[in-house]
Amino acid sequence: MLTPIVSRKKYGWNLSLYEGYRIDQLALQNLQKGLAQTSPVQAALQKLHPLMKTEYYARNPAAFAKAEKYMVAISHFLYKADQNHDTDTVSIEQRSLYLFQDEQFLSKPYGKQLLHNLGLTYAHLACSNFHEPFIYELLEEADAHRLLIVEARDTYFLLKNFFQSGSPSICGTTFTGLIYGEGDKIETSFGYLSEIKKIRAKEARIYYFGDIAPKNLAVMRNLMKKYTQYTIEPFLPLYELLLNRHQSLAPTSRRNSRWNRYAEQENILAIFPESLKLKMSLLFARNKYLPQIALCSQDLLDLLH
């Protein structure tokens with residue numbers, strides 16, 4: 001752009017610096033021409049917040065045309081956040097509503113892919129996937145809690161009343177807390193455990209008791225696979241009690257799903273000892289299942305003797 005005037009002297013001790021320069025008009029015209037040829041897509045991308053990676057959309061104008069309004073909304077938020085450093089963290093749904101007038105946008109595949117393409121995370125948008133809370137009862141204070149998860153509401157209240165009326169112990173295990181899993185909802189709400197300040201979750205030992213049915217046993221297995229940082233195991237005394245006392249109450253399953261296939265059942269039952277595994281296999285072979293609500297207070301009292 002600038003060329004030295006060679007007829008002038010060089011400046012001081014720096015022999016590469018001249019005292020005079022002139023504007024290279026041709027270079028200036030070429031630069032202005034290049035700027036004028038910048039595409040509308042490139043011009044729009046250059047206005048976005050620098051945290052946003054735009055390479056994908058620079059290469060895919062059609063994708064940018066679809067995403068532009070969402071990208072502009074995100075960029076506006078990021079620029080505003082730069083000025084307000086104490087931006088409150090809200091739920092993903094709430095941030096989606098504020099930015100896009102669609103509370104599900106950031107949870108949908110397209111919204112997740114958009115953030116991925118831009119190199120952004122939920123943290124950049126000051127939002128978080130808050131855990132669905134569950135109902136629980138702490139029976140006593142403890143440094144290392146022993147928690148029992150039960151699936152059914154009736155069983156939750158049965159055990160809660162039993163524990164509160166006497167010692168919260170079953171077959172030598174003293175429980176310090178009881179969690180209502182609400183069926184398979186516990187698969188999505190279990191993470192809430194880490195938000196309960198009175199429980200140091202990683203030091204807790206967690207026992208599970210639910211219906212004796214392939215689908216319900218799979219819920220426990222899934223928790224064990226997903227949350228490997230916790231100690232989760234079936235509470236065998238209650239499963240044994242349910243099988244030994246109430247098999248005559250077992251209804252016929254109305255499910256004809258993959259959960260009733262023998263190979264799948266074998267995979268689920270692998271977490272049980274052989275004696276229980278055999279009884280459960282025979283139950284499932286007759287297309288039966290056993291709800292945990294078959295247990296009654298007398299069953300629990302009998303365990304004390």
# chains A, B, ... in the order shown; residues from 1 in each chain; ligands from 1
$ select_by_dssp --residues "segment 54-295 of chain A" --states "strand (DSSP E)" --output "JSON, numbers by chain"
{"A": [90, 91, 127, 128, 135, 136, 137, 138, 146, 147, 148, 149, 150, 169, 170, 173, 174, 177, 178, 179, 180, 205, 206, 207, 208, 209, 231, 232, 233, 234]}
$ residues_around --residues "Phe64 of chain A" --least-positions-apart "6" --cutoff "8 Å" --atoms "only C-alpha atoms" --output "list in words"
Val41, Tyr57 and Ala58 of chain A
$ closest_residue --among "A:Cys296, A:Met71, A:Ala204, A:Ile212" --to "Leu99 of chain A" --atoms "only C-alpha atoms"
A:Met71
$ atom_distance --atom1 "atom CA of Lys69 of chain A" --atom2 "atom CA of His131 of chain A"
29.4 Å
$ closest_residue --among "A:Ala213, A:Leu304, A:Leu282, A:Ala123" --to "Phe162 of chain A" --atoms "only C-alpha atoms"
A:Leu304
$ closest_residue --among "A:Ala81, A:Leu48, A:Ala43, A:Ala126" --to "Glu93 of chain A" --atoms "only C-alpha atoms"
A:Ala126
$ closest_residue --among "A:Phe130, A:Tyr79, A:Tyr70, A:Phe284" --to "Phe105 of chain A" --atoms "only C-alpha atoms"
A:Tyr70
